[in-house]
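Asker: I am attaching a structure below and will ask some questions about it afterwards.
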Amino acid sequence: MTSHRLSGPLHEVSAEAGYAAPPPRVGFFTDTSVCIGCKACEVACKQWNGVPEDGLLLTGMSYDNTGQLDANSWRHVAFIEQSAPIVPVLDKEATIETRRAPTDLGMPRLRPNDPQGTSTNDTDLRWLMSSDVCKHCTHAACLDVCPTGALFRTEFGTVVVQPDVCNGCGYCVPACPYGVIDQRKEDGRVFKCTLCYDRLKVGEEPACAKACPTESIQFGELDVLRERADRRVAELHAQGVDVARLYGQDPDDGVGGDGAFFLLLDEPEVYGLPPDPVVTTRDLPSIWRHVGAAALTLAAAGVAAFAGRRR
Amino acid sequence: MAECHPVGFQWVMEAKAKGATVIHVDPRFTRTSAVADIHAAIRAGTDIVFLGALVNHVLSNDLYFREYVVAYTNAPAIITEDYVDSEDLGGLFSGYDPETRTYDSDSWRYDDGGDDTAEHSGDGGPGDHDGAAHETSRSEAAGSGGPKVEAWPLRDESLEHPRCVFQILKRHFARYTPEMVQDVCGIPAEQFAKVADALTSNSGRDRTSAICYAVGWTHHASGVQVIRTAAILQLLLGNIGRPGGGIMALRGHASIQGSTDIPTLYNLLPGYLPMPHAQQHQNLDDYVRLDEGAAGFWGNMRSYVVSLLKSYWGESATEENEFCFDYLPRLTGDHGTYQTVLEQISGKSKGYFLVGENPAVGTSNGNMQRLGLAALDWLVVRDLVMVESATFWKDGPEIETGEMTTTEIGTEVFFLPAAAHTEKSGTFTNTQRLLQWHHKAVEPPGDATSDLWFYYHLGRRIRQKLAGSTDPMDRPLLDLVWQYPEEGEEREPSAAAVLREINGTGPDGAALSAYTELKPDGSTKCGCWIYCGVYADEVNQAARRKPGREQSWVAPEWGWAWPANRRILYNRASADPDGRPWSEGKAYVWWDEEAGKWTGHDVPDFIPDREPHHVPEEGASGPDAIGGSDPFVMQTDGKAWLFASAGLADGPLPAHYEPPESPVLNEVYAQQDNPASKHYESPVNDANPSGSDVFPFVFTTYRLTEHHTAGGMSRTLPFLSELQPAFFCEVSPQLAAERGLENLGWATIVTARTAIEAQVIVTERMRPLRLAGRVVHQVGLPYHWGQTGLTTGDSANDLVSVTVDPNVNIQDKVGTCDIQPGRRPRGPLLLAYVADYRRRAGMDDVDVGHVLDAKEGEP
């Protein structure tokens, strides 16, 4: 449906891009409740795709020294430490230090049975880990704004940059609602996850999913992954983990649903994800309508002015 | 486990998905804790208190698996009246000699009802009076069978006799209470109760629990006893020899299991045969006498050693020359790694091979290691990259402090690049004893060669040089069987041919199928008896890769597990004494009455046709002496030992002693530290005094997922270095506040050995622990860093003092320290800084200024 070309649900994303009889759309379902933060995905991605080192900087942010997705980090494992006291410390022997309540980070309180939380002595401590990646949006603003055609929709429904076409204009960088695509400074061109297009071409799964030891990163047909994710959330809710929720799986969201979506155990902001991403080109039709109306008004005013002068 | 073994941890996650409760006990909150149901933050080095309290909980609440315990363990065995428990000796057991710091285990023996005045012969274990056994870690050298017990004990199956093992155990562990756990380990009683309930409710007839540990658990001066306590607990709960049970040691890196099976240890020969001792083993008969004819499969030891000698020396090994038994090297004392280093420093040991090992970073007391390296005549380093142990002479910390001067170091270093596992064929043996073949994928780069190539051609060249020698000393080398098919231009010896040689061959030259085929008469050859069968039917069984979905859940056709492709050891214990599975859900192997043999999902670990109620004939020996319900077929009495009547150097039961350096006094016994542990005396190895205010904090060293051991394989790779790009220490917010440490700022960590600096990570994952009288802070130190590579930093192991477990000479990785904000002093000032700490701790009366002047005054 043409009305959905720039936003809203779009089922046949590859067909819409002009592929005749494309294979099913594929993507990632990242279940952060079983992520152990081993970063095998980051290493496998770099190894397979020849992505260069991204700097040797200790960030001091838990075990996350990658920091964010950028041109030289196509997978990023976030580490979030949260804590809250379980019981007031009643022990008279305790010192002031041990009685001091841990800093309130403003995070939601934990629930029992939290897959990434555990009580440790007298504090509920939770260490969230989540492997972030390009979302391969249904409506990919990066692709829509690319003037050279360097960014394109593959037959698998994924979004890929062709480095030999990219001219480094950088329009796509501010267009991405997730801040994923990024220019390589010394080079100027943009780089991001290709969902291992070369591997997909020969029937292999992407390197990160292949390397993930705990099946936190699951690769497959998007429809199948969405069903599996719904089941997983239901299962966690049944276990009392009502903090579990999906992120990016909804075709009605601002980007028409993500090709790479997540099961999270907290609000998206906690993981550094935008709570309500919107494809930056969603408002293009209305912008153009408004621009058109304004132009018409101006034209009419101009005509009126000339018409008025004749009198 | 998630931190150090993320790939293996997938199975824990799978178990969790099926509803398993995951309990994590660790001083720090790790990636494992993040997905565990319970994380108990424990004070480093107090594991025996925690485990002992679980044992006490099981015993005092009658939660043990009684039928299993009575039938399969030595719980009913009665111990001699001479035995005195640590309860009555302030933490010592009977038989202790304070002068030699050793035990005589004679009083720990079984009571056989005989004349108690008769002289009891020694067991060759640590209790031997000559002391030599203790020096050579002889308790380990008793082999996979453990030491022999002389007598069949009197038994009381009601478990009521006051001197039966069960009652001794009950009394011994009674003081290990939840309150003790709180006071010593810092784990609250409520949390301990949760762990105890989860473990005991998941053990028994229908359910089993497993204990997994990474080798840091053994790195204590009582390391062996920590694992022993875990074994006692698992045996009481019936969790050994059954599916889903056991104690899984996750080894330090790939094929470390293989390197103990076919050992790089000084005191073992392949297959856990003990290395002969110079005085005790003058001939082959002496060597096998203690074990030959004992009950169980260890009784056939002569077959194993003769087949090994035939494999080494072929036609030269004859019955007349005792199959060249005299060619084997002999032990004369402790030749362990730390003793060797001291002998390097003293000038006795002049040459050193370092193969895939970087002791300048990876081994305790790096300063002592480097002093040893610097005193050598020659040093061969084989590694993938130029590691610190090859470059210490130009960039070691001692160059900066002035303790060493490059031009004065005489060591000639030969760096010979080694091939990585992808660049050569061979096997990995994993912790499950599973051999898996790997194929060469690419040629090694440049001059890099496989270790197999190196040793084969080194041996070939040495033999060429010695050819024609008439010196008898050279016979062992010249008579060695040293022919292997060579492949390719580089003359790579065939790894498959070596594996086949390890497997062994019969009189007809064909590959053997099982170690039961080995003969003591020299007609069979076998390079490692426990590996016999890996080349059965002339097929490389280790190379099998049948997918799991195409075979049974035990997956016997994936790789090959020693012994006999058996996936769970002692699996006779998975059936009850009558040979029936304990429960349907936990059925594994069982007695097939009709067929008259044992059968099941795995290869039964038992004599195939020995019926469950078989009683051995009087005087039977070897496998014939195994009763129908004696699952522990390598033990001389067929039972699992809750109480070790022999074989341990530091007591028949585990007891908690404080680590060699501790901030507190031992709350459990008057005895402060392990009375049999060994501290290597050296001016550079002094221990901090326990309870010192100068060193008030505990430090513990550990690994990160992103790096590999001493860093040679990770600090050189950009993709790994960038993920943990700097050496850091982890401290709690409380300790940070107490000492003024800031996140990402610098801290100096000090012990009596040296001071190092690290960037600070302040995290709630490190927790102050509330003990009986005080709060103890712990400092976490990943030990991967050194001076070379893409990411460099001070080495945490430089802080560690070497005190070792008396059974296996493993070092204690826990110590005490001070931590202060800011970077450490540079150059000779560092020595003065540490000297000042030592003076304040009352360790020595050194004039700090003098030390400084002396160093500055050196050329």
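Residue numbers start at 1 in each chain; chains themselves are named A, B, ... in the order of the structure tokens; ligands are numbered from 1 in the order shown.
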Can you tell me, as a ChimeraX atom specification, what residues are no more than 12 Å from Ala496 of chain B when counting only C-alpha atoms, ignoring any on the same chain fewer than 5 positions away?
Answerer: /B:424-427,437-439,452,484-487,501-503,534-535,538-543
Asker: With C-alpha atoms kept, could you save the residues just selected as an mmCIF file, in the first residue's frame?
Answerer:
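Result went into out37.cif, see below:
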data_model
loop_
_atom_site.group_PDB
_atom_site.id
_atom_site.type_symbol
_atom_site.label_atom_id
_atom_site.label_comp_id
_atom_site.auth_asym_id
_atom_site.auth_seq_id
_atom_site.Cartn_x
_atom_site.Cartn_y
_atom_site.Cartn_z
ATOM 1 C CA LYS B 424 48.004 -28.207 13.494
ATOM 2 C CA SER B 425 46.084 -31.446 13.949
ATOM 3 C CA GLY B 426 45.619 -33.196 17.263
ATOM 4 C CA THR B 427 43.245 -33.716 20.141
ATOM 5 C CA TRP B 437 40.156 -34.278 17.252
ATOM 6 C CA HIS B 438 40.861 -31.001 15.509
ATOM 7 C CA HIS B 439 42.097 -30.783 11.949
ATOM 8 C CA LEU B 452 54.742 -32.064 17.977
ATOM 9 C CA TYR B 484 56.686 -41.491 13.026
ATOM 10 C CA PRO B 485 55.382 -41.018 9.490
ATOM 11 C CA GLU B 486 56.246 -37.508 8.272
ATOM 12 C CA GLU B 487 53.936 -35.334 6.221
ATOM 13 C CA GLU B 501 50.775 -45.205 19.656
ATOM 14 C CA ILE B 502 49.117 -43.794 22.778
ATOM 15 C CA ASN B 503 46.179 -46.142 22.176
ATOM 16 C CA VAL B 534 40.749 -44.213 21.343
ATOM 17 C CA TYR B 535 42.070 -45.900 18.194
ATOM 18 C CA GLU B 538 42.140 -48.733 13.667
ATOM 19 C CA VAL B 539 39.715 -45.793 13.675
ATOM 20 C CA ASN B 540 40.466 -42.396 15.172
ATOM 21 C CA GLN B 541 37.516 -42.487 17.575
ATOM 22 C CA ALA B 542 38.278 -38.953 18.793
ATOM 23 C CA ALA B 543 37.434 -37.611 15.324
#
Asker: Fewer than 2 positions away in the same chain doesn't count, so skip those; otherwise give me all residues within 6 Å of Trp378 of chain B, counting only C-alpha atoms, as number ranges by chain.
Answerer: B: 351, 376, 411-413
Asker: Go through A:Leu6, A:Ala301, A:Leu195, A:Leu222 and flag the residue nearest Asn49 of chain A, using only C-alpha atoms for the distances.
Answerer: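 Under the stated criterion, the closest residue is A:Leu195.
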Asker: Find the residues of chain B in contact range of chain A, meaning any atom within 6 Å when counting only C-alpha atoms, and list them as a PyMOL selection string.
Answerer: chain B and resi 7+10+31+34-35+37-40+718-719+722-723+725+734+744
Asker: Identify, on the basis of only C-alpha atoms, every residue whose closest approach to Val305 of chain B does not exceed 10 Å; exclude the query and any residue fewer than 3 positions from it along the same chain; express the result as a PyMOL selection string.
Answerer: chain B and resi 269-271+273-274+284+287-288+300-302+308-311+323+325+518-520+522+525-529
Asker: Put those residues in a file: C-alpha atoms, as an mmCIF file, in the first residue's frame.
Answerer:
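Writing done, so here's out_22.cif:
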data_model
loop_
_atom_site.group_PDB
_atom_site.id
_atom_site.type_symbol
_atom_site.label_atom_id
_atom_site.label_comp_id
_atom_site.auth_asym_id
_atom_site.auth_seq_id
_atom_site.Cartn_x
_atom_site.Cartn_y
_atom_site.Cartn_z
ATOM 1 C CA LEU B 269 53.719 -40.643 34.139
ATOM 2 C CA PRO B 270 50.940 -41.070 31.542
ATOM 3 C CA GLY B 271 47.666 -42.403 32.925
ATOM 4 C CA LEU B 273 51.093 -43.764 37.046
ATOM 5 C CA PRO B 274 53.356 -42.274 39.693
ATOM 6 C CA LEU B 284 59.970 -52.584 38.851
ATOM 7 C CA TYR B 287 57.436 -49.802 42.068
ATOM 8 C CA VAL B 288 54.312 -51.896 41.619
ATOM 9 C CA ASN B 300 46.629 -54.391 37.297
ATOM 10 C CA MET B 301 49.118 -51.543 37.462
ATOM 11 C CA ARG B 302 51.988 -53.768 36.268
ATOM 12 C CA LEU B 308 54.077 -47.987 28.706
ATOM 13 C CA LEU B 309 57.723 -49.048 28.910
ATOM 14 C CA LYS B 310 57.269 -51.238 25.794
ATOM 15 C CA SER B 311 55.729 -48.243 24.048
ATOM 16 C CA PHE B 323 61.410 -53.506 30.387
ATOM 17 C CA PHE B 325 62.344 -49.556 34.057
ATOM 18 C CA LEU B 518 46.922 -54.912 28.407
ATOM 19 C CA LYS B 519 49.369 -57.590 29.607
ATOM 20 C CA PRO B 520 52.203 -57.504 32.154
ATOM 21 C CA GLY B 522 55.594 -57.233 27.445
ATOM 22 C CA LYS B 525 52.381 -51.629 24.083
ATOM 23 C CA CYS B 526 50.371 -48.641 25.247
ATOM 24 C CA GLY B 527 51.419 -45.003 25.640
ATOM 25 C CA CYS B 528 48.671 -44.204 28.144
ATOM 26 C CA TRP B 529 46.524 -46.980 29.509
#
Asker: Which residues come within 9 Å of Ala244 of chain A, counting only C-alpha atoms, excluding same-chain residues fewer than 5 positions away, as a list in words?
Answerer: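 Those residues are Ser33, Val233, Ala234, Leu236, His237, Leu263, Leu264, Leu265 and Asp266 of chain A.
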Asker: Generate the output file for the selected residues, C-alpha atoms, as a PDB file, in the first residue's frame.
Answerer:
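Writing done, so here's out-v6.pdb:
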ATOM      1  CA  SER A  33      17.157 -12.404  29.691  1.00  0.00           C
ATOM      2  CA  VAL A 233       7.445 -13.247  27.121  1.00  0.00           C
ATOM      3  CA  ALA A 234       4.382 -15.268  28.133  1.00  0.00           C
ATOM      4  CA  LEU A 236       8.576 -15.264  31.672  1.00  0.00           C
ATOM      5  CA  HIS A 237       5.344 -13.606  32.793  1.00  0.00           C
ATOM      6  CA  LEU A 263      13.234  -8.857  24.861  1.00  0.00           C
ATOM      7  CA  LEU A 264      14.114  -6.381  27.604  1.00  0.00           C
ATOM      8  CA  LEU A 265      13.828  -6.560  31.382  1.00  0.00           C
ATOM      9  CA  ASP A 266      13.461  -2.846  31.940  1.00  0.00           C
TER      10      ASP A 266
END
Asker: Segment 2-243 of chain A: which residues are strand (DSSP E or B) by DSSP, as a PyMOL selection string?
Answerer: chain A and resi 26-31+70+73+75-85+117-120+123-133+151-153+159-161+182-183+190-191+217-221
Asker: Selected residues, C-alpha atoms, written as an mmCIF file, in the first residue's frame, please.
Answerer:
data_model
loop_
_atom_site.group_PDB
_atom_site.id
_atom_site.type_symbol
_atom_site.label_atom_id
_atom_site.label_comp_id
_atom_site.auth_asym_id
_atom_site.auth_seq_id
_atom_site.Cartn_x
_atom_site.Cartn_y
_atom_site.Cartn_z
ATOM 1 C CA VAL A 26 14.859 -12.382 8.245
ATOM 2 C CA GLY A 27 16.103 -10.687 11.376
ATOM 3 C CA PHE A 28 17.316 -11.029 14.955
ATOM 4 C CA PHE A 29 15.416 -11.690 18.136
ATOM 5 C CA THR A 30 17.768 -10.765 20.978
ATOM 6 C CA ASP A 31 16.551 -12.257 24.260
ATOM 7 C CA ASP A 70 29.157 3.229 15.589
ATOM 8 C CA SER A 73 31.247 -1.332 16.416
ATOM 9 C CA ARG A 75 27.391 -5.023 17.880
ATOM 10 C CA HIS A 76 27.462 -3.432 21.313
ATOM 11 C CA VAL A 77 26.850 -5.250 24.563
ATOM 12 C CA ALA A 78 25.490 -2.900 27.203
ATOM 13 C CA PHE A 79 26.137 -3.644 30.898
ATOM 14 C CA ILE A 80 23.801 -1.988 33.385
ATOM 15 C CA GLU A 81 24.330 -2.382 37.116
ATOM 16 C CA GLN A 82 21.302 -1.802 39.331
ATOM 17 C CA SER A 83 20.918 -2.283 43.030
ATOM 18 C CA ALA A 84 18.453 -1.808 45.824
ATOM 19 C CA PRO A 85 18.484 -2.914 49.451
ATOM 20 C CA GLY A 117 18.797 -10.337 38.915
ATOM 21 C CA THR A 118 19.775 -12.025 42.085
ATOM 22 C CA SER A 119 19.964 -11.264 45.710
ATOM 23 C CA THR A 120 23.454 -11.054 47.025
ATOM 24 C CA THR A 123 21.204 -6.248 48.399
ATOM 25 C CA ASP A 124 19.227 -6.999 45.320
ATOM 26 C CA LEU A 125 21.751 -6.611 42.607
ATOM 27 C CA ARG A 126 20.915 -6.769 38.957
ATOM 28 C CA TRP A 127 23.383 -6.738 36.086
ATOM 29 C CA LEU A 128 21.533 -6.296 32.840
ATOM 30 C CA MET A 129 23.308 -7.253 29.644
ATOM 31 C CA SER A 130 22.031 -6.692 26.167
ATOM 32 C CA SER A 131 23.611 -6.965 22.739
ATOM 33 C CA ASP A 132 22.479 -4.048 20.585
ATOM 34 C CA VAL A 133 22.639 -3.952 16.791
ATOM 35 C CA LEU A 151 21.974 2.069 1.128
ATOM 36 C CA PHE A 152 19.620 -0.515 -0.223
ATOM 37 C CA ARG A 153 17.000 -3.021 0.865
ATOM 38 C CA VAL A 159 19.253 -2.754 5.030
ATOM 39 C CA VAL A 160 22.841 -2.682 3.768
ATOM 40 C CA VAL A 161 25.368 0.033 2.866
ATOM 41 C CA ASP A 182 27.913 6.372 11.598
ATOM 42 C CA GLN A 183 30.757 7.791 9.544
ATOM 43 C CA VAL A 190 29.246 5.251 6.677
ATOM 44 C CA PHE A 191 29.256 1.732 8.049
ATOM 45 C CA ILE A 217 20.873 -13.711 19.724
ATOM 46 C CA GLN A 218 18.474 -15.714 17.598
ATOM 47 C CA PHE A 219 18.475 -15.398 13.837
ATOM 48 C CA GLY A 220 15.629 -16.493 11.613
ATOM 49 C CA GLU A 221 12.534 -15.607 9.641
#
Asker: Rank nothing, just name the residue among B:Pro577, B:Pro821, B:Pro329, B:Pro654 nearest to Leu92 of chain B, using only C-alpha atoms.
Answerer: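 With only C-alpha atoms as the atom set, the closest residue is B:Pro654.
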Asker: Give me the residues within 12 Å of segment 463-472 of chain B as number ranges by chain, counting only C-alpha atoms and dropping any in the same chain fewer than 4 places off.
Answerer: B: 326-327, 455-459, 476-483
Asker: Would you mind exporting the chosen residues as an mmCIF file, in the first residue's frame, restricted to N, CA and C atoms?
Answerer:
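Dumped everything to out20.cif:
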data_model
loop_
_atom_site.group_PDB
_atom_site.id
_atom_site.type_symbol
_atom_site.label_atom_id
_atom_site.label_comp_id
_atom_site.auth_asym_id
_atom_site.auth_seq_id
_atom_site.Cartn_x
_atom_site.Cartn_y
_atom_site.Cartn_z
ATOM 1 N N ASP B 326 64.690 -49.016 34.513
ATOM 2 C CA ASP B 326 65.765 -48.148 34.993
ATOM 3 C C ASP B 326 65.977 -46.907 34.124
ATOM 4 N N TYR B 327 65.425 -46.939 32.910
ATOM 5 C CA TYR B 327 65.585 -45.762 32.039
ATOM 6 C C TYR B 327 64.733 -44.584 32.504
ATOM 7 N N TYR B 455 59.207 -31.145 19.219
ATOM 8 C CA TYR B 455 59.792 -32.186 20.064
ATOM 9 C C TYR B 455 60.287 -33.363 19.239
ATOM 10 N N TYR B 456 59.563 -33.683 18.178
ATOM 11 C CA TYR B 456 59.983 -34.796 17.331
ATOM 12 C C TYR B 456 61.348 -34.512 16.713
ATOM 13 N N HIS B 457 61.491 -33.327 16.125
ATOM 14 C CA HIS B 457 62.759 -33.023 15.447
ATOM 15 C C HIS B 457 63.884 -32.726 16.448
ATOM 16 N N LEU B 458 63.504 -32.165 17.618
ATOM 17 C CA LEU B 458 64.520 -31.964 18.653
ATOM 18 C C LEU B 458 65.081 -33.324 19.081
ATOM 19 N N GLY B 459 64.173 -34.271 19.306
ATOM 20 C CA GLY B 459 64.591 -35.617 19.696
ATOM 21 C C GLY B 459 65.420 -36.274 18.597
ATOM 22 N N PRO B 476 68.917 -44.507 27.210
ATOM 23 C CA PRO B 476 67.470 -44.248 27.193
ATOM 24 C C PRO B 476 67.036 -43.452 25.969
ATOM 25 N N LEU B 477 67.857 -42.506 25.542
ATOM 26 C CA LEU B 477 67.495 -41.710 24.370
ATOM 27 C C LEU B 477 67.690 -42.501 23.084
ATOM 28 N N LEU B 478 68.798 -43.222 23.014
ATOM 29 C CA LEU B 478 69.100 -43.933 21.768
ATOM 30 C C LEU B 478 68.172 -45.125 21.557
ATOM 31 N N ASP B 479 67.709 -45.717 22.646
ATOM 32 C CA ASP B 479 66.833 -46.880 22.516
ATOM 33 C C ASP B 479 65.360 -46.509 22.333
ATOM 34 N N LEU B 480 65.067 -45.229 22.486
ATOM 35 C CA LEU B 480 63.680 -44.762 22.396
ATOM 36 C C LEU B 480 63.089 -45.073 21.010
ATOM 37 N N VAL B 481 61.819 -45.498 21.002
ATOM 38 C CA VAL B 481 61.117 -45.655 19.715
ATOM 39 C C VAL B 481 60.761 -44.256 19.234
ATOM 40 N N TRP B 482 61.330 -43.821 18.153
ATOM 41 C CA TRP B 482 61.195 -42.421 17.739
ATOM 42 C C TRP B 482 60.972 -42.304 16.229
ATOM 43 N N GLN B 483 60.149 -43.203 15.697
ATOM 44 C CA GLN B 483 59.852 -43.131 14.265
ATOM 45 C C GLN B 483 58.362 -42.858 14.060
#
Asker: Please compute the atom CA of Phe728 of chain B-atom CA of His784 of chain B distance, one decimal, in Å.
Answerer: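 Atom-to-atom, atom CA of Phe728 of chain B and atom CA of His784 of chain B are spaced 10.2 Å apart.
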Asker: Can you measure atom CA of Glu490 of chain B to atom CA of Asp447 of chain B for me? One decimal in Å is fine.
Answerer: 10.4 Å
Asker: Using only C-alpha atoms, which of the listed residues (A:Thr32, A:Ala304, A:Cys137, A:Glu155) sits closest to Asp250 of chain A?
Answerer: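 Checking each candidate against Asp250 of chain A, we get A:Cys137 as the closest.
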Asker: Pick the closest to Leu143 of chain A from A:Ile181, A:Val270, A:Pro275, A:Trp48: which is it, counting only C-alpha atoms?
Answerer: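 Result for the nearest residue to Leu143 of chain A: A:Ile181.
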Asker: Between B:Arg101, B:His24, B:Arg461, B:Arg175, which is the closest to Glu667 of chain B once you count only C-alpha atoms?
Answerer: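 Answer, going by the shortest atom-to-atom distance: B:Arg175.
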Asker: List the spatial neighbours of segment 796-798 of chain B as a list in words - criterion: any atom at most 8 Å away, only C-alpha atoms, same-chain residues fewer than 6 positions off excluded.
Answerer: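 The residues satisfying every condition are Val361, Gly362, Thr363, Ser364, Asn365, Gly366, Asn367, Thr701, Arg753, Thr754, Ile756, Leu781, Pro782, Tyr783, His784 and Trp785 of chain B.
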Asker: Store the residues picked out above in a file with C-alpha atoms, as an mmCIF file, in the first residue's frame.
Answerer:
data_model
loop_
_atom_site.group_PDB
_atom_site.id
_atom_site.type_symbol
_atom_site.label_atom_id
_atom_site.label_comp_id
_atom_site.auth_asym_id
_atom_site.auth_seq_id
_atom_site.Cartn_x
_atom_site.Cartn_y
_atom_site.Cartn_z
ATOM 1 C CA VAL B 361 52.597 -12.749 34.375
ATOM 2 C CA GLY B 362 50.546 -15.881 34.952
ATOM 3 C CA THR B 363 52.249 -17.422 37.978
ATOM 4 C CA SER B 364 52.201 -16.300 41.588
ATOM 5 C CA ASN B 365 54.909 -13.922 42.752
ATOM 6 C CA GLY B 366 55.997 -12.623 39.354
ATOM 7 C CA ASN B 367 59.089 -11.052 40.870
ATOM 8 C CA THR B 701 42.803 -12.592 41.598
ATOM 9 C CA ARG B 753 56.114 -8.363 47.801
ATOM 10 C CA THR B 754 55.457 -5.219 45.822
ATOM 11 C CA ILE B 756 51.060 -2.285 41.703
ATOM 12 C CA LEU B 781 42.100 -8.069 40.600
ATOM 13 C CA PRO B 782 41.993 -9.569 37.110
ATOM 14 C CA TYR B 783 45.451 -11.036 36.498
ATOM 15 C CA HIS B 784 45.794 -10.743 32.693
ATOM 16 C CA TRP B 785 48.123 -7.764 32.370
#
Asker: For Ser714 of chain B, find every residue with an atom within 12 Å (counting only C-alpha atoms), except residues of its own chain fewer than 3 positions away, and show them as a VMD selection string.
Answerer: (chain A and resid 43) or (chain B and resid 384 to 385 387 704 to 711 717 to 725 784 to 786 788 to 792)
